[in-house]
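To keep things clear, I will list the structure first and then write my remarks on it.
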Amino acid sequence: QSALTQPPSASGSPGQSVTISCTGTSSDVGGYNYVSWYQQYPGKGPKLMIYEVTKRPSGVPDRFSGSKSGNTASLTVSGLQAEDESDYYCSSYAGSSNHVFGTGTKVTVL
Amino acid sequence: EVQLVESGGGLVQPGGSLRLSCAASGFTFSTYWMHWVRQAPGKGLVWVSRTNSDEGTTSYADSVKGRFTISRDNAKNTLYLQMNSLRVEDTAVYYCARGGYAAAFDMWGQGTMVIVSS
């Protein structure tokens, strides 16, 4: 199972929006609405930010939103804040009880 | 407090074995599927294995199939990963994660480092 493809980096100024893509295949992202997104600070465990493509867990700011079209999912962070500077990973169910993660994107707040 | 705490990592020679543990607290452990996910230094997350709530079914990534075994003790609220025939490429931080709705991982531990080196 190959990793989902994400851009290595993305950036924006405070208050701006940044969108991260996550490209897979019809066997994972395109085949299931089971895409999730995670935020990870250096040296820490990941935190769930989006699940089932568009849903936010309790406590996650509504500045974070998700979408999907075909084999590509996206995470948008609106109204960028300094604390949003972090690594972000997508994940998708890939059938047969397998899961696959994205390659990761480092978001920088300029 | 709801948390997962991993332990058991360390330095091991190639071909050796190690058993990781993940102690769960603050939620009804026995009702959740549980996963192991690893992250090599400077690299991305990679799913390793999962067990359903009663260990009735397990699943593994191809890279660890036949070498790693996931298990759980619901009476002790603890998840395990027995790692045998370790390889240099198994070097990583190993996280346990709770399986949430829609195949998401809704809670994570802080990780335990495994270094495979001679």
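Here, A, B, ... name the chains of the structure tokens in the order displayed, residue numbers run from 1 inside each chain, and ligands are numbered from 1 in the same displayed order.
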Write out as JSON lines a residue-level contact list of chain A versus chain B with cut-off 10 Å: for each qualifying residue the closest pair of atoms and the distance in Å to one decimal, counting only C-alpha atoms, rows sorted by chain and residue number upward.
{"residue": "A:Gln1", "atom": "CA", "partner": "B:Asp62", "partner_atom": "CA", "distance": 8.4}
{"residue": "A:Ala3", "atom": "CA", "partner": "B:Val46", "partner_atom": "CA", "distance": 8.3}
{"residue": "A:Tyr32", "atom": "CA", "partner": "B:Ala102", "partner_atom": "CA", "distance": 9.6}
{"residue": "A:Asn33", "atom": "CA", "partner": "B:Ala102", "partner_atom": "CA", "distance": 8.0}
{"residue": "A:Tyr34", "atom": "CA", "partner": "B:Ala102", "partner_atom": "CA", "distance": 5.5}
{"residue": "A:Val35", "atom": "CA", "partner": "B:Ala104", "partner_atom": "CA", "distance": 7.6}
{"residue": "A:Ser36", "atom": "CA", "partner": "B:Ala104", "partner_atom": "CA", "distance": 5.9}
{"residue": "A:Trp37", "atom": "CA", "partner": "B:Ala104", "partner_atom": "CA", "distance": 8.5}
{"residue": "A:Tyr38", "atom": "CA", "partner": "B:Phe105", "partner_atom": "CA", "distance": 8.8}
{"residue": "A:Pro42", "atom": "CA", "partner": "B:Gly42", "partner_atom": "CA", "distance": 9.8}
{"residue": "A:Gly43", "atom": "CA", "partner": "B:Gln110", "partner_atom": "CA", "distance": 8.1}
{"residue": "A:Lys44", "atom": "CA", "partner": "B:Gln110", "partner_atom": "CA", "distance": 5.8}
{"residue": "A:Gly45", "atom": "CA", "partner": "B:Gln110", "partner_atom": "CA", "distance": 4.8}
{"residue": "A:Pro46", "atom": "CA", "partner": "B:Trp108", "partner_atom": "CA", "distance": 6.4}
{"residue": "A:Lys47", "atom": "CA", "partner": "B:Met107", "partner_atom": "CA", "distance": 6.9}
{"residue": "A:Leu48", "atom": "CA", "partner": "B:Asp106", "partner_atom": "CA", "distance": 5.6}
{"residue": "A:Met49", "atom": "CA", "partner": "B:Asp106", "partner_atom": "CA", "distance": 8.8}
{"residue": "A:Ile50", "atom": "CA", "partner": "B:Ala104", "partner_atom": "CA", "distance": 8.6}
{"residue": "A:Tyr51", "atom": "CA", "partner": "B:Ala104", "partner_atom": "CA", "distance": 6.0}
{"residue": "A:Glu52", "atom": "CA", "partner": "B:Ala102", "partner_atom": "CA", "distance": 5.7}
{"residue": "A:Val53", "atom": "CA", "partner": "B:Ala102", "partner_atom": "CA", "distance": 9.3}
{"residue": "A:Pro57", "atom": "CA", "partner": "B:Asp106", "partner_atom": "CA", "distance": 8.5}
{"residue": "A:Asp87", "atom": "CA", "partner": "B:Gly44", "partner_atom": "CA", "distance": 9.6}
{"residue": "A:Tyr88", "atom": "CA", "partner": "B:Gly44", "partner_atom": "CA", "distance": 9.7}
{"residue": "A:Tyr89", "atom": "CA", "partner": "B:Leu45", "partner_atom": "CA", "distance": 7.7}
{"residue": "A:Cys90", "atom": "CA", "partner": "B:Leu45", "partner_atom": "CA", "distance": 9.5}
{"residue": "A:Ser91", "atom": "CA", "partner": "B:Ala104", "partner_atom": "CA", "distance": 7.9}
{"residue": "A:Ser92", "atom": "CA", "partner": "B:Ala103", "partner_atom": "CA", "distance": 7.7}
{"residue": "A:Tyr93", "atom": "CA", "partner": "B:Ala103", "partner_atom": "CA", "distance": 6.3}
{"residue": "A:Ala94", "atom": "CA", "partner": "B:Ala103", "partner_atom": "CA", "distance": 9.8}
{"residue": "A:Ser96", "atom": "CA", "partner": "B:Ser59", "partner_atom": "CA", "distance": 8.5}
{"residue": "A:Ser97", "atom": "CA", "partner": "B:Ser59", "partner_atom": "CA", "distance": 6.3}
{"residue": "A:Asn98", "atom": "CA", "partner": "B:Ala61", "partner_atom": "CA", "distance": 7.1}
{"residue": "A:His99", "atom": "CA", "partner": "B:Trp47", "partner_atom": "CA", "distance": 6.2}
{"residue": "A:Val100", "atom": "CA", "partner": "B:Trp47", "partner_atom": "CA", "distance": 6.4}
{"residue": "A:Phe101", "atom": "CA", "partner": "B:Val46", "partner_atom": "CA", "distance": 6.1}
{"residue": "A:Gly102", "atom": "CA", "partner": "B:Gly44", "partner_atom": "CA", "distance": 7.4}
{"residue": "A:Thr103", "atom": "CA", "partner": "B:Gly44", "partner_atom": "CA", "distance": 5.6}
{"residue": "A:Gly104", "atom": "CA", "partner": "B:Gly44", "partner_atom": "CA", "distance": 6.0}
{"residue": "A:Thr105", "atom": "CA", "partner": "B:Gly44", "partner_atom": "CA", "distance": 9.4}
Task: strand (DSSP E or B) per DSSP on the backbone: members of chain A, as a ChimeraX atom specification - done: /A:4-5,9-12,18-23,35-40,47-51,55,64-69,72-77,86-93,99-102,105-109
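Distance annotation: of A:Ser27, A:Gln16, A:Ser58, A:Gln40, the residue with the minimal separation from Thr76 in chain A is A:Gln16; atom set is only C-alpha atoms.
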Task: Atom-to-atom span, CA of Thr112 in chain B and CA of Gln13 in chain B, Å - done: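 Spanning CA of Thr112 in chain B to CA of Gln13 in chain B is a straight-line distance of 16.9 Å.
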Task: Distance of CA of Tyr41 in chain A from CA of Leu79 in chain B, expressed in Å to one decimal place - done: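 For CA of Leu79 in chain B relative to CA of Tyr41 in chain A, the distance reads 24.3 Å.
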- [ ] Could you pull out the residues in chain B that DSSP calls helix (DSSP H, G or I) from the backbone, as a VMD selection string?
- [x] chain B and resid 29 to 31 88 to 90 101 to 103
- [ ] Skip Met83 in chain B itself and residues of its chain fewer than 6 positions away, then list as a VMD selection string all residues within 6 Å of it, counting only C-alpha atoms.
- [x] chain B and resid 17 to 19 68
Task: Top pick for closest residue to Val5 in chain B, considering B:Ser85, B:Gln39, B:Asn52, B:Asn77 and counting only C-alpha atoms - done: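 The shortest atom-to-atom distance to Val5 in chain B comes from B:Asn77.
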Task: Straight-line distance linking CA of Ser118 in chain B with CA of Asn84 in chain B, stated in Å to one decimal - done: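 Between CA of Ser118 in chain B and CA of Asn84 in chain B the gap is 15.6 Å.
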